[in-house]
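**Student:** The following block contains the structure, expressed as structure tokens.
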Amino acid sequence: MEHIVKPVMDTVIAKNPGEKEFHQAVHEVLHSLDKVLDSYPNLLYHRILERIVEPERVIMFRIPWIDDQGTLQVNRGFRVEMNSSLGPYKGGLRFHPSVNLSIMKFLAFEQVFKNSLTGLTLGGGKGGTDFDPKGKSDLEIMKFCQSFMTELSRHIGENTDIPAGDIGVGAREIGFMYGQYKRIKNQFAGVLTGKGSEWGGSFLRPEATGFGLVYFSANMLETRSETLEGKTCLISGSGNVAQFTAEKLLELGAKVISFSDSTGCMIDHDGIDHEKLSFVKELKNVHRGRIAEYKERYPHAEYYRYNPRDTSNPLWNRKADCAFPCATQNEINLEDAGHLVENGVTLVAEGANMPTCEEGVELFIENNVLFGPAKAANAGGVAVSGLEMAQNGSRIQWKRSKVDDELHKIMKKIHTTCRRSAKEYSDEDNYVDGANISGFLRVANAMIDQGYV
Ligand code: NDP
Ligand code: 2IT
């Protein structure tokens with residue numbers, strides 16, 4: 001079957017030169033699909049592979065805004081509308097200086113399969129900008145969000161495309177963007193998710209990605225008759241996903257020993273308890289500070305400042321049972337993966353999107369590490385976004401306990417679906433193949449049903 005996926009991959013590389021993250025995401029999915037194409041000749045007949053790697057639409061635009069000094073600044077905005085066969089485009093917005101077309105396309109591509117796995121009626125998309133929110137005043141953030149939404153509002157809609165948060169986009173930014181959308185369209189519509197719970201947001205949306213990640217991890221451990229209780233856990237990042245991963249792990253009796261940000265990482269061998277976690281939340285969400293300040297408050301902790309010459313991340317070179325990368329793509333390279341394996345890690349679950357390099361993923365699987373790939377393990381966030389859309393549609397807000405029950409059920413179902421597909425086409429413990437294959441087949445069948453569009 002190599003002869004079928006290879007030309008598709010070659011074309012993706014030729015038509016999207018230099019887009020290394022996009023190539024990586026496509027390669028990983030095609031590698032899994034190679035194992036099933038024999039069983040589904042109609043996929044080839046309908047040219048599903050060739051179609052699925054081509055975004056339905058890419059929107060790229062200028063975002064002019066005026067900073068606090070009165071100087072005009074210009075940033076670049078994107079929305080990649082990847083696939084709408086299962087529902088309106090759905091996926092987050094990332095505000096980070098590293099944002100480019102490759103990163104947007106890899107995230108949108110991953111989102112298609114992730115959203116499919118949730119079982120909800122959600123297509124896949126992603127957007128963002130190279131604007132750097134660090135060090136900006138609230139007023140600058142608001143002016144930027146308004147300018148960004150002035151253009152984005154032409155392309156989105158509650159039945160067309162529903163963005164949400166991602167790196168650099170949380171409750172504050174969603175609020176500013178929602179206000180501008182409402183003002184331009186004169187509509188109080190469910191066009192963004194992650195809204196405030198008093199004005200259309202779902203309870204538990206902020207927690208959902210981290211909580212869902214931990215529920216999925218507990219399901220994985222259960223297959224080996226284990227639980228999270230007493231497990232030592234490494235977490236990277238210190239934003240939305242990292243914070244709520246830590247919160248749920250603590251609730252289940254695990255010991256969390258690390259956080260990081262783009263400047264460095266900290267290890268607290270005594271464990272990060274609820275009080276220390278509250279400190280991190282306030283530091284990051286209110287003061288928008290650096291994780292280095294953890295050591296100033298808790299001097300016994302270790303802090304390591306990253307150096308561009310580092311070949312590996314010391315955060316991953318610690319004795320731990322479980323690892324939860326919750327910062328960004330390719331934050332676990334092969335050397336890091338090797339350190340985790342040498343140190344006896346038994347579970348790695350991806351809170352971030354594509355945080356592990358492809359060779360690292362292979363190393364984990366070869367070494368019998370329970371590996372939860374992002375598109376399955378972090379799907380809880382978009383799943384609760386889907387539930388927010390359902391609540392907006394019916395104009396009824398569900399109780400927190402109902403949303404949590406639904407999140408539990410969705411994560412459990414994703415887990416079962418992944419294992420079932422993996423068992424049928426690969427190896428039962430190979431969640432990568434399981435997620436790629438089952439996520440793909442649902443989208444592919446819908447594409448076939450809907451004709452050549
Ligand atoms: P936040 O902006 O809340 O937090 C991001 C964290 O990652 C921060 O600690 C940030 O550090 C760190 N980080 C960002 N870029 C880098 C980098 N290049 N190197 C090292 N650290 C970095 O974002 P989220 O928590 O929402 O997102 C984290 C990950 O989870 C992303 O990969 C995102 O795509 C994924 N995700 C998010 C979902 C959501 O619902 N929010 C859903 C599913 C996946 P600093 O403070 O220095 O910027
Ligand atoms: O990567 C992701 O799944 C997200 N950033 C959340 C997307 C969403 O629409 O809630």
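Labeling convention for the structure tokens: chains A, B, ... as they appear, residues from 1 per chain, ligands from 1 in order of appearance.
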Produce as a PyMOL selection string the set of residues near ligand 1, where near means within 8 Å with only C-alpha atoms and all ligand atoms considered.
**Tutor:** chain A and resi 92+94+96+98+107+134+164-170+205-206+208-209+236-243+259-264+284+288-291+326-329+331+351-355+374+378-382
**Student:** Which of range 198-418 of chain A end up as strand (DSSP E or B) when DSSP is run on this backbone - answer as a compact mmCIF listing (two decimals) with N, CA, C and O atoms, in the first residue's frame?
**Tutor:**
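And here is the file that came out, out_10.txt:
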```
# COMPACT_ATOMS: atom_id res chain seq x y z
N THR A 232 3.50 9.67 39.98
CA THR A 232 4.24 10.93 39.84
C THR A 232 4.10 11.41 38.40
O THR A 232 4.37 10.65 37.46
N CYS A 233 3.68 12.67 38.26
CA CYS A 233 3.33 13.17 36.92
C CYS A 233 4.12 14.42 36.55
O CYS A 233 4.22 15.36 37.36
N LEU A 234 4.61 14.43 35.32
CA LEU A 234 5.26 15.62 34.76
C LEU A 234 4.25 16.33 33.87
O LEU A 234 3.60 15.67 33.05
N ILE A 235 4.15 17.63 34.01
CA ILE A 235 3.30 18.42 33.11
C ILE A 235 4.17 19.53 32.53
O ILE A 235 4.92 20.18 33.27
N LYS A 255 0.58 12.78 42.04
CA LYS A 255 1.53 13.80 42.50
C LYS A 255 2.08 14.53 41.26
O LYS A 255 2.71 13.89 40.40
N VAL A 256 1.82 15.83 41.18
CA VAL A 256 2.29 16.62 40.04
C VAL A 256 3.57 17.33 40.44
O VAL A 256 3.61 17.97 41.51
N SER A 258 5.78 19.21 38.03
CA SER A 258 6.40 20.23 37.16
C SER A 258 5.40 21.07 36.39
O SER A 258 4.25 20.67 36.19
N PHE A 259 5.89 22.24 35.98
CA PHE A 259 5.22 23.12 35.01
C PHE A 259 6.33 23.79 34.20
O PHE A 259 7.50 23.79 34.62
N SER A 260 5.95 24.41 33.09
CA SER A 260 6.96 25.16 32.32
C SER A 260 6.27 26.29 31.57
O SER A 260 5.04 26.38 31.55
N GLY A 264 11.24 28.74 30.61
CA GLY A 264 11.93 27.73 31.39
C GLY A 264 10.97 26.75 32.05
O GLY A 264 9.75 26.82 31.82
N CYS A 265 11.54 25.84 32.85
CA CYS A 265 10.69 24.85 33.52
C CYS A 265 11.04 24.79 35.00
O CYS A 265 12.15 25.14 35.41
N MET A 266 10.07 24.35 35.83
CA MET A 266 10.33 24.20 37.25
C MET A 266 9.91 22.80 37.70
O MET A 266 8.98 22.22 37.15
N ILE A 267 10.68 22.28 38.66
CA ILE A 267 10.37 20.97 39.23
C ILE A 267 10.23 21.17 40.74
O ILE A 267 11.10 21.78 41.36
N GLU A 302 13.21 23.54 41.89
CA GLU A 302 14.30 23.75 40.92
C GLU A 302 13.74 24.56 39.76
O GLU A 302 12.59 24.34 39.36
N TYR A 303 14.55 25.46 39.21
CA TYR A 303 14.13 26.16 38.00
C TYR A 303 15.24 26.06 36.97
O TYR A 303 16.42 26.20 37.29
N TYR A 304 14.89 25.79 35.73
CA TYR A 304 15.88 25.74 34.66
C TYR A 304 15.43 26.69 33.55
O TYR A 304 14.32 26.59 33.05
N ARG A 305 16.30 27.64 33.20
CA ARG A 305 15.98 28.58 32.13
C ARG A 305 16.43 27.97 30.80
O ARG A 305 17.58 27.54 30.66
N CYS A 322 4.09 9.22 34.73
CA CYS A 322 3.25 9.71 33.64
C CYS A 322 3.76 11.08 33.18
O CYS A 322 4.27 11.86 33.98
N ALA A 323 3.57 11.35 31.89
CA ALA A 323 3.99 12.64 31.34
C ALA A 323 2.85 13.23 30.51
O ALA A 323 2.23 12.52 29.71
N PHE A 324 2.60 14.52 30.73
CA PHE A 324 1.51 15.22 30.04
C PHE A 324 2.07 16.47 29.37
O PHE A 324 2.10 17.55 29.98
N ILE A 332 8.55 17.41 22.61
CA ILE A 332 9.27 16.19 23.01
C ILE A 332 10.00 15.69 21.78
O ILE A 332 9.37 15.18 20.83
N LEU A 347 3.06 6.06 31.01
CA LEU A 347 1.97 6.69 30.23
C LEU A 347 2.40 8.08 29.76
O LEU A 347 2.97 8.85 30.54
N VAL A 348 2.16 8.36 28.49
CA VAL A 348 2.35 9.72 27.97
C VAL A 348 1.03 10.10 27.29
O VAL A 348 0.56 9.39 26.39
N ALA A 349 0.41 11.19 27.73
CA ALA A 349 -0.86 11.61 27.11
C ALA A 349 -0.71 13.06 26.69
O ALA A 349 -0.32 13.93 27.49
N THR A 356 4.72 15.55 20.40
CA THR A 356 5.79 14.55 20.30
C THR A 356 6.20 14.38 18.85
O THR A 356 5.33 14.22 17.97
N LEU A 370 1.97 3.44 27.38
CA LEU A 370 0.60 3.78 26.96
C LEU A 370 0.68 5.20 26.40
O LEU A 370 0.98 6.15 27.14
N PHE A 371 0.43 5.35 25.11
CA PHE A 371 0.61 6.66 24.49
C PHE A 371 -0.74 7.17 23.97
O PHE A 371 -1.32 6.57 23.06
N GLY A 372 -1.22 8.28 24.53
CA GLY A 372 -2.50 8.87 24.12
C GLY A 372 -2.24 10.03 23.17
O GLY A 372 -1.80 11.10 23.60
```
**Student:** Would you give me, as a PyMOL selection string, the residues in range 264-423 of chain A that DSSP reads as alpha helix (DSSP H)?
**Tutor:** chain A and resi 274-281+293-297+334-342+358-366+374-377+380-394+400-423
**Student:** Identify which of the residues A:Ile257, A:Leu37, A:Leu277, A:Ala376 lies closest to Asp321 in chain A, counting only C-alpha atoms when measuring atom-to-atom distances.
**Tutor:**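 Under the stated criterion, the closest residue is A:Ile257.
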**Student:** Give one line per residue of range 189-304 of chain A that approaches range 152-158 of chain A to at most 8 Å, naming the two atoms of the closest pair and their distance in Å to one decimal, counting only C-alpha atoms; sort by chain then ascending residue number and deliver it as CSV.
**Tutor:**
```
residue,atom,partner,partner_atom,distance
A:Ala189,CA,A:Glu158,CA,6.5
A:Gly190,CA,A:Glu158,CA,5.5
A:Val191,CA,A:Glu158,CA,4.5
A:Leu192,CA,A:Glu158,CA,7.8
```
**Student:** Can you work out which one of A:Asp268, A:Lys90, A:Val8, A:Gly210 has the shortest atom-to-atom distance to Arg47 in chain A, counting only C-alpha atoms?
**Tutor:**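 Checking each of A:Asp268, A:Lys90, A:Val8, A:Gly210 against Arg47 in chain A, counting only C-alpha atoms, the winner is A:Val8.
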**Student:** As a PDB file with all heavy atoms, in the first residue's frame, please: the residues near range 408-413 of chain A (cut-off 10 Å, only C-alpha atoms, same-chain neighbours under 4 positions excluded).
**Tutor:**
```pdb
ATOM      1  N   LEU A 117     -13.684  12.171  16.071  1.00  0.00           N
ATOM      2  CA  LEU A 117     -13.643  11.213  17.179  1.00  0.00           C
ATOM      3  C   LEU A 117     -14.649  11.543  18.283  1.00  0.00           C
ATOM      4  O   LEU A 117     -15.123  10.645  18.976  1.00  0.00           O
ATOM      5  CB  LEU A 117     -12.235  11.173  17.795  1.00  0.00           C
ATOM      6  CG  LEU A 117     -11.179  10.402  16.997  1.00  0.00           C
ATOM      7  CD1 LEU A 117      -9.799  10.664  17.575  1.00  0.00           C
ATOM      8  CD2 LEU A 117     -11.489   8.912  17.011  1.00  0.00           C
ATOM      9  N   THR A 118     -14.976  12.824  18.452  1.00  0.00           N
ATOM     10  CA  THR A 118     -15.915  13.181  19.527  1.00  0.00           C
ATOM     11  C   THR A 118     -17.312  12.609  19.264  1.00  0.00           C
ATOM     12  O   THR A 118     -18.133  12.562  20.168  1.00  0.00           O
ATOM     13  CB  THR A 118     -16.081  14.719  19.685  1.00  0.00           C
ATOM     14  OG1 THR A 118     -16.696  15.242  18.488  1.00  0.00           O
ATOM     15  CG2 THR A 118     -14.768  15.421  19.948  1.00  0.00           C
ATOM     16  N   GLY A 119     -17.584  12.232  18.002  1.00  0.00           N
ATOM     17  CA  GLY A 119     -18.911  11.721  17.670  1.00  0.00           C
ATOM     18  C   GLY A 119     -19.930  12.837  17.474  1.00  0.00           C
ATOM     19  O   GLY A 119     -21.088  12.585  17.160  1.00  0.00           O
ATOM     20  N   LEU A 120     -19.513  14.092  17.628  1.00  0.00           N
ATOM     21  CA  LEU A 120     -20.437  15.224  17.461  1.00  0.00           C
ATOM     22  C   LEU A 120     -20.434  15.648  15.989  1.00  0.00           C
ATOM     23  O   LEU A 120     -19.610  15.174  15.193  1.00  0.00           O
ATOM     24  CB  LEU A 120     -20.000  16.390  18.365  1.00  0.00           C
ATOM     25  CG  LEU A 120     -19.921  16.053  19.863  1.00  0.00           C
ATOM     26  CD1 LEU A 120     -19.306  17.211  20.645  1.00  0.00           C
ATOM     27  CD2 LEU A 120     -21.291  15.718  20.428  1.00  0.00           C
ATOM     28  N   ALA A 208     -12.313  21.747  30.421  1.00  0.00           N
ATOM     29  CA  ALA A 208     -12.614  20.527  29.665  1.00  0.00           C
ATOM     30  C   ALA A 208     -11.408  19.819  29.038  1.00  0.00           C
ATOM     31  O   ALA A 208     -11.341  18.590  29.059  1.00  0.00           O
ATOM     32  CB  ALA A 208     -13.622  20.856  28.573  1.00  0.00           C
ATOM     33  N   PHE A 211      -9.316  18.247  32.018  1.00  0.00           N
ATOM     34  CA  PHE A 211     -10.086  17.182  32.686  1.00  0.00           C
ATOM     35  C   PHE A 211     -10.240  15.979  31.733  1.00  0.00           C
ATOM     36  O   PHE A 211     -10.040  14.837  32.127  1.00  0.00           O
ATOM     37  CB  PHE A 211     -11.479  17.685  33.105  1.00  0.00           C
ATOM     38  CG  PHE A 211     -11.503  18.526  34.368  1.00  0.00           C
ATOM     39  CD1 PHE A 211     -10.348  19.097  34.888  1.00  0.00           C
ATOM     40  CD2 PHE A 211     -12.704  18.744  35.040  1.00  0.00           C
ATOM     41  CE1 PHE A 211     -10.382  19.883  36.050  1.00  0.00           C
ATOM     42  CE2 PHE A 211     -12.751  19.519  36.200  1.00  0.00           C
ATOM     43  CZ  PHE A 211     -11.595  20.099  36.702  1.00  0.00           C
ATOM     44  N   GLY A 212     -10.589  16.283  30.481  1.00  0.00           N
ATOM     45  CA  GLY A 212     -10.775  15.203  29.499  1.00  0.00           C
ATOM     46  C   GLY A 212      -9.491  14.397  29.305  1.00  0.00           C
ATOM     47  O   GLY A 212      -9.516  13.174  29.177  1.00  0.00           O
ATOM     48  N   LEU A 213      -8.372  15.095  29.314  1.00  0.00           N
ATOM     49  CA  LEU A 213      -7.062  14.430  29.155  1.00  0.00           C
ATOM     50  C   LEU A 213      -6.837  13.432  30.299  1.00  0.00           C
ATOM     51  O   LEU A 213      -6.356  12.314  30.084  1.00  0.00           O
ATOM     52  CB  LEU A 213      -5.964  15.505  29.156  1.00  0.00           C
ATOM     53  CG  LEU A 213      -4.517  15.048  29.054  1.00  0.00           C
ATOM     54  CD1 LEU A 213      -4.234  14.435  27.682  1.00  0.00           C
ATOM     55  CD2 LEU A 213      -3.559  16.229  29.285  1.00  0.00           C
ATOM     56  N   VAL A 214      -7.209  13.846  31.491  1.00  0.00           N
ATOM     57  CA  VAL A 214      -7.008  12.965  32.652  1.00  0.00           C
ATOM     58  C   VAL A 214      -8.021  11.809  32.614  1.00  0.00           C
ATOM     59  O   VAL A 214      -7.666  10.660  32.908  1.00  0.00           O
ATOM     60  CB  VAL A 214      -7.091  13.774  33.969  1.00  0.00           C
ATOM     61  CG1 VAL A 214      -6.936  12.865  35.174  1.00  0.00           C
ATOM     62  CG2 VAL A 214      -6.008  14.861  33.981  1.00  0.00           C
ATOM     63  N   TYR A 215      -9.250  12.072  32.188  1.00  0.00           N
ATOM     64  CA  TYR A 215     -10.232  10.973  32.081  1.00  0.00           C
ATOM     65  C   TYR A 215      -9.727   9.939  31.065  1.00  0.00           C
ATOM     66  O   TYR A 215      -9.829   8.740  31.284  1.00  0.00           O
ATOM     67  CB  TYR A 215     -11.614  11.488  31.625  1.00  0.00           C
ATOM     68  CG  TYR A 215     -12.288  12.471  32.574  1.00  0.00           C
ATOM     69  CD1 TYR A 215     -13.288  13.329  32.126  1.00  0.00           C
ATOM     70  CD2 TYR A 215     -11.942  12.539  33.918  1.00  0.00           C
ATOM     71  CE1 TYR A 215     -13.921  14.230  32.977  1.00  0.00           C
ATOM     72  CE2 TYR A 215     -12.558  13.443  34.779  1.00  0.00           C
ATOM     73  CZ  TYR A 215     -13.536  14.291  34.297  1.00  0.00           C
ATOM     74  OH  TYR A 215     -14.155  15.184  35.137  1.00  0.00           O
ATOM     75  N   PHE A 216      -9.209  10.439  29.949  1.00  0.00           N
ATOM     76  CA  PHE A 216      -8.714   9.521  28.908  1.00  0.00           C
ATOM     77  C   PHE A 216      -7.534   8.713  29.451  1.00  0.00           C
ATOM     78  O   PHE A 216      -7.438   7.505  29.219  1.00  0.00           O
ATOM     79  CB  PHE A 216      -8.300  10.325  27.671  1.00  0.00           C
ATOM     80  CG  PHE A 216      -8.035   9.465  26.457  1.00  0.00           C
ATOM     81  CD1 PHE A 216      -9.076   9.089  25.625  1.00  0.00           C
ATOM     82  CD2 PHE A 216      -6.751   9.028  26.157  1.00  0.00           C
ATOM     83  CE1 PHE A 216      -8.842   8.286  24.501  1.00  0.00           C
ATOM     84  CE2 PHE A 216      -6.511   8.232  25.045  1.00  0.00           C
ATOM     85  CZ  PHE A 216      -7.561   7.867  24.213  1.00  0.00           C
ATOM     86  N   SER A 217      -6.661   9.373  30.203  1.00  0.00           N
ATOM     87  CA  SER A 217      -5.486   8.684  30.765  1.00  0.00           C
ATOM     88  C   SER A 217      -5.924   7.612  31.759  1.00  0.00           C
ATOM     89  O   SER A 217      -5.358   6.507  31.795  1.00  0.00           O
ATOM     90  CB  SER A 217      -4.572   9.694  31.462  1.00  0.00           C
ATOM     91  OG  SER A 217      -4.205  10.693  30.546  1.00  0.00           O
ATOM     92  N   ALA A 218      -6.937   7.929  32.558  1.00  0.00           N
ATOM     93  CA  ALA A 218      -7.437   6.943  33.521  1.00  0.00           C
ATOM     94  C   ALA A 218      -8.003   5.734  32.773  1.00  0.00           C
ATOM     95  O   ALA A 218      -7.780   4.574  33.164  1.00  0.00           O
ATOM     96  CB  ALA A 218      -8.509   7.578  34.410  1.00  0.00           C
ATOM     97  N   ASN A 219      -8.683   5.997  31.650  1.00  0.00           N
ATOM     98  CA  ASN A 219      -9.198   4.879  30.832  1.00  0.00           C
ATOM     99  C   ASN A 219      -8.059   4.029  30.291  1.00  0.00           C
ATOM    100  O   ASN A 219      -8.150   2.798  30.260  1.00  0.00           O
ATOM    101  CB  ASN A 219     -10.023   5.412  29.638  1.00  0.00           C
ATOM    102  CG  ASN A 219     -11.346   6.038  30.046  1.00  0.00           C
ATOM    103  OD1 ASN A 219     -11.867   6.913  29.364  1.00  0.00           O
ATOM    104  ND2 ASN A 219     -11.911   5.598  31.150  1.00  0.00           N
ATOM    105  N   MET A 220      -6.993   4.679  29.861  1.00  0.00           N
ATOM    106  CA  MET A 220      -5.846   3.914  29.324  1.00  0.00           C
ATOM    107  C   MET A 220      -5.233   3.046  30.426  1.00  0.00           C
ATOM    108  O   MET A 220      -4.928   1.871  30.207  1.00  0.00           O
ATOM    109  CB  MET A 220      -4.780   4.862  28.751  1.00  0.00           C
ATOM    110  CG  MET A 220      -5.188   5.529  27.458  1.00  0.00           C
ATOM    111  SD  MET A 220      -3.774   6.181  26.523  1.00  0.00           S
ATOM    112  CE  MET A 220      -3.222   7.448  27.575  1.00  0.00           C
ATOM    113  N   ALA A 376      -7.010  12.245  20.171  1.00  0.00           N
ATOM    114  CA  ALA A 376      -7.938  11.520  21.046  1.00  0.00           C
ATOM    115  C   ALA A 376      -7.897  12.121  22.456  1.00  0.00           C
ATOM    116  O   ALA A 376      -8.925  12.475  23.034  1.00  0.00           O
ATOM    117  CB  ALA A 376      -7.550  10.045  21.088  1.00  0.00           C
ATOM    118  N   ALA A 377      -6.681  12.247  22.992  1.00  0.00           N
ATOM    119  CA  ALA A 377      -6.532  12.573  24.417  1.00  0.00           C
ATOM    120  C   ALA A 377      -6.965  13.995  24.775  1.00  0.00           C
ATOM    121  O   ALA A 377      -7.442  14.236  25.878  1.00  0.00           O
ATOM    122  CB  ALA A 377      -5.073  12.341  24.830  1.00  0.00           C
ATOM    123  N   ASN A 378      -6.788  14.955  23.854  1.00  0.00           N
ATOM    124  CA  ASN A 378      -7.166  16.338  24.225  1.00  0.00           C
ATOM    125  C   ASN A 378      -8.491  16.787  23.584  1.00  0.00           C
ATOM    126  O   ASN A 378      -8.807  17.977  23.554  1.00  0.00           O
ATOM    127  CB  ASN A 378      -6.021  17.329  23.952  1.00  0.00           C
ATOM    128  CG  ASN A 378      -5.818  17.667  22.482  1.00  0.00           C
ATOM    129  OD1 ASN A 378      -6.744  17.624  21.685  1.00  0.00           O
ATOM    130  ND2 ASN A 378      -4.595  18.038  22.123  1.00  0.00           N
ATOM    131  N   ALA A 379      -9.278  15.808  23.128  1.00  0.00           N
ATOM    132  CA  ALA A 379     -10.531  16.147  22.438  1.00  0.00           C
ATOM    133  C   ALA A 379     -11.622  16.662  23.384  1.00  0.00           C
ATOM    134  O   ALA A 379     -12.679  17.121  22.931  1.00  0.00           O
ATOM    135  CB  ALA A 379     -11.054  14.932  21.670  1.00  0.00           C
ATOM    136  N   GLY A 380     -11.374  16.604  24.687  1.00  0.00           N
ATOM    137  CA  GLY A 380     -12.398  17.042  25.646  1.00  0.00           C
ATOM    138  C   GLY A 380     -12.750  18.514  25.493  1.00  0.00           C
ATOM    139  O   GLY A 380     -13.896  18.931  25.730  1.00  0.00           O
ATOM    140  N   ALA A 383     -14.929  18.951  22.494  1.00  0.00           N
ATOM    141  CA  ALA A 383     -16.190  18.243  22.772  1.00  0.00           C
ATOM    142  C   ALA A 383     -17.114  19.150  23.592  1.00  0.00           C
ATOM    143  O   ALA A 383     -18.298  19.308  23.265  1.00  0.00           O
ATOM    144  CB  ALA A 383     -15.915  16.939  23.504  1.00  0.00           C
ATOM    145  N   VAL A 384     -16.559  19.779  24.631  1.00  0.00           N
ATOM    146  CA  VAL A 384     -17.427  20.669  25.430  1.00  0.00           C
ATOM    147  C   VAL A 384     -17.773  21.930  24.634  1.00  0.00           C
ATOM    148  O   VAL A 384     -18.847  22.506  24.816  1.00  0.00           O
ATOM    149  CB  VAL A 384     -16.816  20.958  26.820  1.00  0.00           C
ATOM    150  CG1 VAL A 384     -17.617  22.004  27.571  1.00  0.00           C
ATOM    151  CG2 VAL A 384     -16.777  19.659  27.633  1.00  0.00           C
ATOM    152  N   LYS A 402     -23.977  17.974  34.643  1.00  0.00           N
ATOM    153  CA  LYS A 402     -24.414  17.349  33.386  1.00  0.00           C
ATOM    154  C   LYS A 402     -23.291  17.426  32.337  1.00  0.00           C
ATOM    155  O   LYS A 402     -23.017  16.456  31.626  1.00  0.00           O
ATOM    156  CB  LYS A 402     -25.686  18.034  32.854  1.00  0.00           C
ATOM    157  CG  LYS A 402     -26.154  17.465  31.516  1.00  0.00           C
ATOM    158  CD  LYS A 402     -27.493  18.060  31.093  1.00  0.00           C
ATOM    159  CE  LYS A 402     -27.801  17.880  29.614  1.00  0.00           C
ATOM    160  NZ  LYS A 402     -28.278  16.585  29.217  1.00  0.00           N
ATOM    161  N   VAL A 403     -22.646  18.601  32.278  1.00  0.00           N
ATOM    162  CA  VAL A 403     -21.560  18.748  31.290  1.00  0.00           C
ATOM    163  C   VAL A 403     -20.430  17.754  31.627  1.00  0.00           C
ATOM    164  O   VAL A 403     -19.889  17.086  30.731  1.00  0.00           O
ATOM    165  CB  VAL A 403     -21.016  20.199  31.257  1.00  0.00           C
ATOM    166  CG1 VAL A 403     -19.925  20.341  30.201  1.00  0.00           C
ATOM    167  CG2 VAL A 403     -22.135  21.205  30.989  1.00  0.00           C
ATOM    168  N   ASP A 404     -20.138  17.632  32.920  1.00  0.00           N
ATOM    169  CA  ASP A 404     -19.060  16.722  33.321  1.00  0.00           C
ATOM    170  C   ASP A 404     -19.412  15.270  32.976  1.00  0.00           C
ATOM    171  O   ASP A 404     -18.557  14.510  32.492  1.00  0.00           O
ATOM    172  CB  ASP A 404     -18.776  16.878  34.824  1.00  0.00           C
ATOM    173  CG  ASP A 404     -17.411  16.340  35.217  1.00  0.00           C
ATOM    174  OD1 ASP A 404     -16.502  16.298  34.350  1.00  0.00           O
ATOM    175  OD2 ASP A 404     -17.240  15.938  36.387  1.00  0.00           O
ATOM    176  N   THR A 417     -13.514   3.548  21.034  1.00  0.00           N
ATOM    177  CA  THR A 417     -13.436   3.574  19.570  1.00  0.00           C
ATOM    178  C   THR A 417     -11.999   3.379  19.100  1.00  0.00           C
ATOM    179  O   THR A 417     -11.735   2.622  18.165  1.00  0.00           O
ATOM    180  CB  THR A 417     -13.959   4.941  19.044  1.00  0.00           C
ATOM    181  OG1 THR A 417     -15.224   5.182  19.620  1.00  0.00           O
ATOM    182  CG2 THR A 417     -14.060   4.979  17.546  1.00  0.00           C
ATOM    183  N   CYS A 418     -11.068   4.082  19.742  1.00  0.00           N
ATOM    184  CA  CYS A 418      -9.656   3.966  19.349  1.00  0.00           C
ATOM    185  C   CYS A 418      -9.170   2.531  19.516  1.00  0.00           C
ATOM    186  O   CYS A 418      -8.513   1.978  18.636  1.00  0.00           O
ATOM    187  CB  CYS A 418      -8.763   4.869  20.202  1.00  0.00           C
ATOM    188  SG  CYS A 418      -8.946   6.593  19.843  1.00  0.00           S
ATOM    189  N   ARG A 419      -9.483   1.936  20.643  1.00  0.00           N
ATOM    190  CA  ARG A 419      -9.002   0.564  20.898  1.00  0.00           C
ATOM    191  C   ARG A 419      -9.629  -0.427  19.917  1.00  0.00           C
ATOM    192  O   ARG A 419      -8.965  -1.344  19.456  1.00  0.00           O
ATOM    193  CB  ARG A 419      -9.301   0.147  22.338  1.00  0.00           C
ATOM    194  CG  ARG A 419      -8.302   0.715  23.316  1.00  0.00           C
ATOM    195  CD  ARG A 419      -8.474   0.136  24.697  1.00  0.00           C
ATOM    196  NE  ARG A 419      -7.872  -1.167  24.872  1.00  0.00           N
ATOM    197  CZ  ARG A 419      -6.586  -1.372  25.119  1.00  0.00           C
ATOM    198  NH1 ARG A 419      -5.755  -0.362  25.181  1.00  0.00           N
ATOM    199  NH2 ARG A 419      -6.117  -2.592  25.284  1.00  0.00           N
TER     200      ARG A 419
END
```
**Student:** For ligand 2, which residue among A:Gly393, A:Pro97, A:Gly128, A:Gly77 is the nearest when counting only C-alpha atoms and all ligand atoms?
**Tutor:**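 Residue with the minimum atom-to-atom distance to ligand 2: A:Gly128.
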**Student:** Of the residues A:Val345, A:Leu122, A:Leu252, A:Ala25, which is the one nearest to ligand 2, using only C-alpha atoms and all ligand atoms?
**Tutor:** A:Leu122
